[in-house]
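Shown here: data-v3.txt, compact mmCIF, C-alpha atoms and all ligand atoms.
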```txt
# COMPACT_ATOMS: atom_id res chain seq x y z
CA MET A 4 170.96 92.32 168.66
CA ALA A 5 169.45 89.00 169.73
CA GLU A 6 171.52 85.93 168.87
CA THR A 7 169.81 83.72 166.30
CA LYS A 8 169.19 80.27 167.64
CA THR A 9 171.22 77.32 166.35
CA HIS A 10 169.07 74.27 165.70
CA LYS A 11 170.75 70.99 166.50
CA VAL A 12 169.22 68.35 164.27
CA THR A 13 169.99 64.66 163.94
CA LEU A 14 170.59 63.90 160.27
CA ILE A 15 170.17 60.37 158.91
CA PRO A 16 171.07 60.42 155.20
CA GLY A 17 169.92 56.80 154.82
CA ASP A 18 170.87 54.67 151.81
CA GLY A 19 169.86 54.23 148.15
CA ILE A 20 168.83 57.71 146.97
CA GLY A 21 168.90 58.90 150.61
CA PRO A 22 172.36 60.52 150.59
CA GLU A 23 171.68 62.30 147.27
CA VAL A 24 168.35 63.82 148.26
CA THR A 25 169.60 64.62 151.77
CA GLN A 26 172.64 66.45 150.42
CA ALA A 27 170.43 68.53 148.11
CA VAL A 28 168.08 69.42 150.96
CA VAL A 29 170.85 70.28 153.44
CA ARG A 30 172.38 72.66 150.87
CA ILE A 31 169.03 74.43 150.59
CA LEU A 32 168.49 74.53 154.36
CA GLU A 33 171.98 75.97 154.83
CA ALA A 34 171.05 78.82 152.44
CA THR A 35 168.00 79.88 154.47
CA GLY A 36 170.07 81.82 156.99
CA VAL A 37 168.84 79.57 159.79
CA LYS A 38 171.76 78.28 161.86
CA TRP A 39 172.12 74.51 161.89
CA GLU A 40 174.27 72.02 163.68
CA TRP A 41 173.87 68.63 162.05
CA GLU A 42 174.59 65.42 163.94
CA ARG A 43 174.99 62.93 161.12
CA TYR A 44 174.45 59.19 161.60
CA ALA A 45 174.29 56.10 159.42
CA ALA A 46 171.51 53.59 160.03
CA GLY A 47 170.66 50.17 158.64
CA ALA A 48 173.05 47.88 156.76
CA GLU A 49 175.67 50.63 156.42
CA ALA A 50 175.70 51.28 160.18
CA PHE A 51 175.94 47.57 160.90
CA GLU A 52 179.14 47.30 158.84
CA VAL A 53 180.80 50.11 160.79
CA PHE A 54 179.35 49.86 164.31
CA GLY A 55 177.96 46.32 164.47
CA GLU A 56 174.55 47.86 165.22
CA TYR A 57 171.74 48.66 162.79
CA ILE A 58 170.86 51.69 164.86
CA PRO A 59 173.97 52.92 166.71
CA SER A 60 173.25 53.85 170.32
CA ALA A 61 174.79 57.27 169.61
CA LEU A 62 171.99 57.85 167.07
CA TYR A 63 169.33 57.10 169.67
CA GLU A 64 171.07 59.45 172.11
CA SER A 65 171.31 62.17 169.48
CA ILE A 66 167.55 62.09 168.76
CA GLU A 67 166.81 61.98 172.47
CA ARG A 68 168.93 65.11 172.95
CA ASN A 69 167.89 67.10 169.87
CA LYS A 70 164.22 66.01 169.74
CA VAL A 71 164.26 66.61 165.98
CA ALA A 72 165.64 64.52 163.10
CA LEU A 73 165.68 64.80 159.33
CA LYS A 74 165.85 61.38 157.78
CA GLY A 75 166.47 59.93 154.33
CA PRO A 76 165.03 56.52 153.44
CA VAL A 77 166.62 53.34 154.75
CA THR A 78 166.37 50.00 152.91
CA THR A 79 164.62 47.14 154.72
CA PRO A 80 165.35 43.63 153.44
CA VAL A 81 162.27 41.81 152.12
CA GLY A 82 161.19 38.51 153.68
CA SER A 83 164.20 38.15 156.00
CA GLY A 84 166.98 40.14 157.64
CA PHE A 85 166.85 42.97 160.14
CA LYS A 86 163.73 44.81 161.33
CA SER A 87 162.78 48.06 159.62
CA ILE A 88 164.89 50.92 160.97
CA ASN A 89 162.03 53.29 160.20
CA VAL A 90 159.48 51.34 162.21
CA THR A 91 161.98 50.82 165.06
CA LEU A 92 162.67 54.57 165.35
CA ARG A 93 158.97 55.43 165.25
CA LYS A 94 158.27 52.98 168.07
CA LYS A 95 161.31 53.87 170.14
CA PHE A 96 160.38 57.56 170.27
CA ASP A 97 156.63 56.88 170.35
CA LEU A 98 156.09 58.91 167.18
CA PHE A 99 152.47 57.89 167.02
CA ALA A 100 151.26 60.30 164.35
CA ASN A 101 152.43 60.09 160.77
CA PHE A 102 151.32 63.25 159.01
CA ARG A 103 151.34 63.34 155.21
CA PRO A 104 149.89 66.25 153.25
CA ILE A 105 149.06 65.51 149.60
CA ARG A 106 148.95 68.66 147.48
CA ASN A 107 149.71 69.54 143.89
CA LEU A 108 152.67 71.68 142.98
CA PRO A 109 152.00 74.58 140.59
CA GLY A 110 152.55 74.01 136.90
CA LEU A 111 152.90 70.26 137.20
CA GLU A 112 150.38 68.36 135.11
CA THR A 113 149.15 65.37 137.05
CA LYS A 114 146.23 62.97 137.11
CA TYR A 115 144.27 65.48 139.20
CA PRO A 116 144.69 69.23 139.81
CA ASN A 117 143.96 70.99 143.13
CA VAL A 118 144.15 67.93 145.33
CA ASP A 119 144.34 68.83 149.00
CA LEU A 120 144.30 65.76 151.21
CA ILE A 121 145.71 65.13 154.64
CA ILE A 122 146.67 61.59 155.61
CA ILE A 123 147.00 60.86 159.30
CA ARG A 124 148.39 57.40 159.89
CA GLU A 125 148.70 55.64 163.23
CA ASN A 126 152.39 54.93 163.40
CA THR A 127 153.15 52.54 166.26
CA GLU A 128 150.79 49.57 166.20
CA GLY A 129 148.37 47.72 163.87
CA ALA A 130 149.89 45.19 161.49
CA TYR A 131 153.30 46.83 162.13
CA ALA A 132 153.47 45.48 165.68
CA GLY A 133 156.19 43.15 164.37
CA LEU A 134 154.68 40.14 166.15
CA GLU A 135 155.14 37.25 163.77
CA HIS A 136 155.96 33.63 164.43
CA GLU A 137 155.93 30.25 162.78
CA VAL A 138 153.38 28.08 164.58
CA ILE A 139 154.46 24.91 162.77
CA PRO A 140 156.34 24.65 159.48
CA GLY A 141 154.06 26.04 156.78
CA VAL A 142 151.88 28.03 159.20
CA VAL A 143 152.78 31.57 160.22
CA GLU A 144 150.85 33.98 162.40
CA SER A 145 151.16 37.74 162.22
CA ILE A 146 149.47 39.59 165.03
CA LYS A 147 147.82 42.93 164.47
CA VAL A 148 147.57 44.97 167.65
CA ILE A 149 144.99 47.72 168.03
CA THR A 150 144.64 49.42 171.40
CA GLU A 151 142.10 51.84 172.79
CA LYS A 152 144.91 54.14 173.89
CA GLY A 153 146.66 54.12 170.51
CA SER A 154 143.45 54.55 168.53
CA THR A 155 142.12 57.32 170.75
CA ARG A 156 145.30 59.39 170.68
CA ILE A 157 145.62 59.24 166.86
CA ALA A 158 141.94 60.13 166.48
CA LYS A 159 142.43 63.09 168.85
CA PHE A 160 145.49 64.17 166.88
CA ALA A 161 143.46 64.06 163.64
CA PHE A 162 140.50 66.01 165.01
CA GLU A 163 142.66 68.58 166.75
CA TYR A 164 144.68 69.06 163.57
CA ALA A 165 141.49 69.42 161.52
CA ARG A 166 140.01 72.00 163.87
CA LYS A 167 143.23 74.01 164.10
CA HIS A 168 143.68 74.11 160.33
CA GLY A 169 140.07 74.68 159.29
CA ARG A 170 139.57 71.24 157.75
CA LYS A 171 135.92 70.26 157.52
CA LYS A 172 135.75 66.49 157.22
CA ILE A 173 137.45 63.37 158.59
CA HIS A 174 137.01 59.86 157.25
CA SER A 175 138.18 56.83 159.20
CA ILE A 176 139.37 54.18 156.76
CA HIS A 177 138.92 50.60 157.94
CA LYS A 178 138.11 46.96 157.28
CA ALA A 179 135.85 46.43 160.29
CA ASN A 180 133.47 44.32 158.22
CA ILE A 181 136.14 41.59 158.35
CA MET A 182 138.41 42.57 161.26
CA LYS A 183 135.48 43.24 163.50
CA LEU A 184 137.32 43.41 166.80
CA SER A 185 140.52 45.23 165.86
CA ASP A 186 139.25 47.67 163.24
CA GLY A 187 136.01 47.79 165.19
CA LEU A 188 137.89 49.15 168.21
CA PHE A 189 139.73 51.68 166.02
CA LEU A 190 136.36 52.95 164.75
CA ARG A 191 134.73 53.03 168.17
CA CYS A 192 137.56 55.19 169.50
CA ALA A 193 137.36 57.55 166.50
CA ARG A 194 133.56 57.88 166.89
CA LYS A 195 133.94 58.71 170.57
CA VAL A 196 136.53 61.41 169.85
CA ALA A 197 134.33 62.74 167.00
CA GLU A 198 131.57 63.51 169.53
CA ASP A 199 133.76 66.27 170.97
CA PHE A 200 134.20 67.85 167.52
CA PRO A 201 130.68 68.57 166.22
CA ASP A 202 132.16 71.22 163.90
CA ILE A 203 133.90 68.49 161.87
CA THR A 204 131.91 66.08 159.73
CA TYR A 205 132.84 62.49 160.47
CA GLY A 206 132.52 59.57 158.07
CA GLU A 207 133.78 56.01 157.63
CA HIS A 208 134.75 54.14 154.48
CA ILE A 209 135.99 50.60 153.95
CA ILE A 210 139.60 50.52 152.70
CA ASP A 211 139.05 48.70 149.40
CA ASN A 212 136.22 50.99 148.37
CA THR A 213 138.32 53.97 149.48
CA CYS A 214 141.10 53.07 147.03
CA MET A 215 138.59 53.03 144.17
CA GLN A 216 136.94 56.25 145.36
CA LEU A 217 140.31 58.00 145.57
CA VAL A 218 141.18 57.09 142.00
CA MET A 219 137.71 58.09 140.70
CA ASN A 220 137.22 61.28 142.73
CA PRO A 221 139.84 62.30 145.34
CA TYR A 222 137.99 65.57 146.03
CA GLN A 223 135.39 63.80 148.17
CA TYR A 224 137.99 63.37 150.95
CA ASP A 225 139.57 66.02 153.17
CA THR A 226 141.40 64.45 156.12
CA MET A 227 141.84 60.69 156.31
CA LEU A 228 142.46 58.79 159.53
CA LEU A 229 144.01 55.37 159.07
CA GLU A 230 145.69 52.64 161.03
CA ASN A 231 149.29 51.84 160.21
CA LEU A 232 149.19 49.51 157.18
CA TYR A 233 146.23 51.20 155.47
CA GLY A 234 147.95 54.58 155.92
CA ASP A 235 151.09 53.23 154.31
CA ILE A 236 149.28 51.92 151.24
CA VAL A 237 146.88 54.82 150.79
CA SER A 238 149.78 57.32 151.03
CA ASP A 239 151.46 55.83 147.97
CA LEU A 240 148.16 55.73 146.11
CA CYS A 241 147.59 59.41 146.89
CA ALA A 242 151.15 60.26 145.83
CA GLY A 243 150.21 58.84 142.42
CA LEU A 244 147.32 61.30 142.16
CA ILE A 245 149.59 64.33 142.32
CA GLY A 246 152.73 63.29 140.44
CA GLY A 247 154.35 60.45 142.35
CA LEU A 248 156.49 59.51 145.30
CA GLY A 249 159.14 62.09 144.49
CA LEU A 250 156.85 64.77 145.89
CA VAL A 251 155.09 63.71 149.08
CA PRO A 252 156.50 64.71 152.48
CA GLY A 253 155.93 63.26 155.89
CA ALA A 254 156.39 63.96 159.57
CA ASN A 255 156.52 61.36 162.35
CA LEU A 256 155.29 63.19 165.41
CA GLY A 257 155.23 62.27 169.09
CA HIS A 258 154.72 64.29 172.24
CA ASP A 259 158.45 64.69 172.71
CA CYS A 260 160.32 64.11 169.41
CA ALA A 261 159.76 64.43 165.67
CA ILE A 262 161.38 62.77 162.68
CA PHE A 263 160.81 64.32 159.28
CA GLU A 264 161.09 62.06 156.24
CA ALA A 265 159.63 61.61 152.77
CA VAL A 266 156.96 59.00 152.10
CA HIS A 267 159.14 57.26 149.52
CA GLY A 268 161.75 54.57 150.11
CA SER A 269 165.37 54.19 149.08
CA ALA A 270 164.51 53.68 145.37
CA PRO A 271 167.40 51.31 144.59
CA ASP A 272 166.40 51.37 140.90
CA ILE A 273 167.60 54.97 140.53
CA ALA A 274 170.17 55.26 143.34
CA GLY A 275 173.59 56.79 142.70
CA LYS A 276 172.60 58.38 139.38
CA ASP A 277 171.86 61.93 140.52
CA ILE A 278 168.32 61.68 139.11
CA ALA A 279 166.18 61.28 142.25
CA ASN A 280 163.71 64.02 143.03
CA PRO A 281 164.56 65.70 146.37
CA THR A 282 161.18 67.51 146.51
CA ALA A 283 159.58 65.05 148.95
CA LEU A 284 162.41 65.42 151.44
CA LEU A 285 162.54 69.17 150.83
CA GLN A 286 158.85 69.45 151.63
CA SER A 287 159.48 67.34 154.74
CA ALA A 288 162.20 69.85 155.65
CA ILE A 289 159.70 72.67 155.23
CA LEU A 290 157.45 70.87 157.73
CA MET A 291 160.50 70.67 160.00
CA LEU A 292 161.19 74.40 159.65
CA ARG A 293 157.61 75.15 160.71
CA HIS A 294 157.93 72.71 163.61
CA LEU A 295 161.02 74.69 164.70
CA ASP A 296 159.09 77.98 164.41
CA GLU A 297 161.24 79.07 161.48
CA GLU A 298 158.20 80.25 159.54
CA ALA A 299 159.97 82.87 157.42
CA ALA A 300 162.57 80.37 156.21
CA ALA A 301 159.84 77.79 155.56
CA ASP A 302 157.88 80.31 153.47
CA ARG A 303 161.02 81.26 151.55
CA VAL A 304 161.86 77.67 150.61
CA GLN A 305 158.20 76.92 149.81
CA LYS A 306 158.03 79.95 147.51
CA ALA A 307 161.25 78.96 145.73
CA LEU A 308 159.95 75.41 145.28
CA GLU A 309 156.71 76.70 143.80
CA THR A 310 158.59 79.07 141.49
CA VAL A 311 160.81 76.27 140.14
CA TYR A 312 157.78 74.05 139.51
CA ALA A 313 155.73 76.86 137.98
CA GLU A 314 158.60 77.64 135.57
CA GLY A 315 158.94 73.93 134.82
CA LYS A 316 162.42 74.31 133.31
CA THR A 317 164.53 72.46 135.89
CA LEU A 318 162.52 69.47 137.01
CA THR A 319 163.65 65.91 137.59
CA ARG A 320 162.70 63.01 135.31
CA ASP A 321 160.00 61.49 137.48
CA VAL A 322 157.91 64.63 136.87
CA GLY A 323 158.74 64.97 133.21
CA GLY A 324 161.93 67.05 133.33
CA HIS A 325 165.58 66.38 132.51
CA ALA A 326 167.41 67.91 135.49
CA GLY A 327 169.53 65.96 137.94
CA THR A 328 169.09 66.03 141.71
CA SER A 329 171.83 68.60 142.24
CA GLN A 330 170.73 70.74 139.28
CA PHE A 331 167.25 70.88 140.76
CA ALA A 332 168.74 71.97 144.09
CA ASP A 333 170.73 74.68 142.23
CA ALA A 334 167.47 75.96 140.71
CA ILE A 335 165.84 76.18 144.15
CA LEU A 336 168.87 78.04 145.51
CA ALA A 337 168.72 80.48 142.57
CA ALA A 338 164.99 81.01 143.15
CA MET A 339 165.67 81.78 146.83
CA GLY A 340 167.80 84.72 145.64
P1 LIG B 401 160.40 53.32 146.80
O1 LIG B 401 159.55 54.38 147.37
O2 LIG B 401 161.84 53.32 147.17
O3 LIG B 401 160.32 53.38 145.19
C1 LIG B 401 159.10 53.16 144.47
C2 LIG B 401 159.22 53.80 143.07
O4 LIG B 401 159.19 55.22 143.19
C3 LIG B 401 160.52 53.46 142.36
O5 LIG B 401 160.26 53.33 140.98
C4 LIG B 401 161.40 54.67 142.61
O6 LIG B 401 162.37 54.90 141.62
C5 LIG B 401 160.37 55.80 142.65
N1 LIG B 401 160.81 56.88 143.56
C6 LIG B 401 160.81 56.85 144.92
N2 LIG B 401 161.31 57.98 145.40
C7 LIG B 401 161.65 58.75 144.36
C8 LIG B 401 162.25 60.03 144.23
N3 LIG B 401 162.58 60.77 145.31
N4 LIG B 401 162.49 60.51 142.99
C9 LIG B 401 162.16 59.79 141.91
N5 LIG B 401 161.58 58.57 141.95
C10 LIG B 401 161.34 58.06 143.17
O7 LIG B 401 159.71 51.95 147.18
P2 LIG B 401 160.28 50.46 147.13
O8 LIG B 401 161.06 50.24 145.89
O9 LIG B 401 159.10 49.64 147.40
O10 LIG B 401 161.23 50.34 148.40
C11 LIG B 401 162.65 50.38 148.35
C12 LIG B 401 163.20 50.25 149.75
O11 LIG B 401 162.86 51.40 150.52
C13 LIG B 401 162.68 49.04 150.54
O12 LIG B 401 163.78 48.46 151.20
C14 LIG B 401 161.73 49.62 151.54
O13 LIG B 401 161.63 48.86 152.71
C15 LIG B 401 162.37 50.97 151.79
N6 LIG B 401 161.44 51.99 152.29
C16 LIG B 401 161.91 52.85 153.23
C17 LIG B 401 161.11 53.87 153.69
C18 LIG B 401 161.68 54.80 154.70
O14 LIG B 401 162.88 54.81 154.94
N7 LIG B 401 160.86 55.61 155.35
C19 LIG B 401 159.73 54.04 153.20
C20 LIG B 401 159.36 53.14 152.16
C21 LIG B 401 160.19 52.14 151.73
```
Represent the structure from my file as structure tokens, please.
Amino acid sequence: MAETKTHKVTLIPGDGIGPEVTQAVVRILEATGVKWEWERYAAGAEAFEVFGEYIPSALYESIERNKVALKGPVTTPVGSGFKSINVTLRKKFDLFANFRPIRNLPGLETKYPNVDLIIIRENTEGAYAGLEHEVIPGVVESIKVITEKGSTRIAKFAFEYARKHGRKKIHSIHKANIMKLSDGLFLRCARKVAEDFPDITYGEHIIDNTCMQLVMNPYQYDTMLLENLYGDIVSDLCAGLIGGLGLVPGANLGHDCAIFEAVHGSAPDIAGKDIANPTALLQSAILMLRHLDEEAAADRVQKALETVYAEGKTLTRDVGGHAGTSQFADAILAAMG
């Protein structure tokens, strides 16, 4: 009999609710029958205390070796302190595409039923270039970087994804009426790529209008292509349409490596209470299983997740239930049989 493959995966539990949701998800992944070897690393403030580095070099080496990581959220200090670990990892491994599917779960009453949106966010440049400086006291400049190369490759990713998965429409979301050069370049690149995909309808909407349109009628969109900051904001808005941040998964994809993580952050307001919803990270793990060609295991976890939501008896508080994080994980394990 053929040996089943062992997947070596870098695991970053993160902080805040990170360790709780990661533990729940790892328990479920362990029950799939897929063989795992986890290389576990701290990152951020916790890592600094132990190793004197916010991202230990062994963590970089682990991702370089394994090419795949599952990551919990990591807190980034506001207004001062160290650079975002999340942004640093995305840049380091050139994970240029941030893929975020927004779909309802069965049985869960939300603002809108049957939402099916794909958010594709450029993940390495834009306002996240991290180029800020104080010109003189009281005057700060923050430089937004848009490149032809970066814009073209994310547009190609979006169109190729759409074609492969039978999506019909792509909207570029922008503010090129004000940021004429930078957002203008992003749009020009998307338009050029669109010419090679006549089977996919291409449109453009201004970001502020888009937010209103999404709240009024999310069904008018299919796949959305956004630069870094707009993608970040619109992802959280879209999470609100289908039940909140506890649900929405994400994948940071490059040509070589991939890091799977939820859209949400470390949620310090609910950390350490065993009440966080691990669904977003679990759905990110399902994306990871598919990335690793473990389709059967992915389908099994997906089915169990849908069963638990359809029954509605063991849900976490953010979606109207009373279950704790670990109880929810128990319910998924039971549903997996
Ligand atoms: P957040 O996403 O952590 O929380 C926003 C709200 O959603 C809070 O009320 C929180 O309780 C709720 N929430 C989030 N995830 C949930 C879950 N799984 N279950 C139930 N409720 C959930 O956003 P916030 O508060 O703006 O950021 C907190 C920290 O997280 C910041 O330091 C930020 O930089 C960091 N962050 C990290 C990310 C990452 O590691 N990829 C992404 C976003 C934020």
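For the set A:Val81, A:Met215, A:Ala48, A:Ile31, the residue with the smallest atom-to-atom gap to ligand LIG 401 (chain B) is A:Val81, counting all atoms listed in the file.
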Protein and nucleic acid residues near (160.4, 45.6, 153.2) (cut-off 12 Å, only C-alpha atoms) as a PyMOL selection string:
chain A and resi 76-90+131+268-270
Can you pull out every residue within 10 Å of Val322 in chain A, counting only C-alpha atoms, but drop anything in the same chain fewer than 2 positions away, and send it as a VMD selection string?
chain A and resid 111 to 113 245 to 250 280 312 315 318 to 320 324 to 325
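The coordinates place CA of Lys172 in chain A at 5.9 Å from CA of Tyr205 in chain A.
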Using only C-alpha atoms, can you tell me which of A:Asp235, A:Asp272, A:Asp225, A:Glu309 comes closest to Val118 in chain A?
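Smallest distance to Val118 in chain A is found for A:Asp225.
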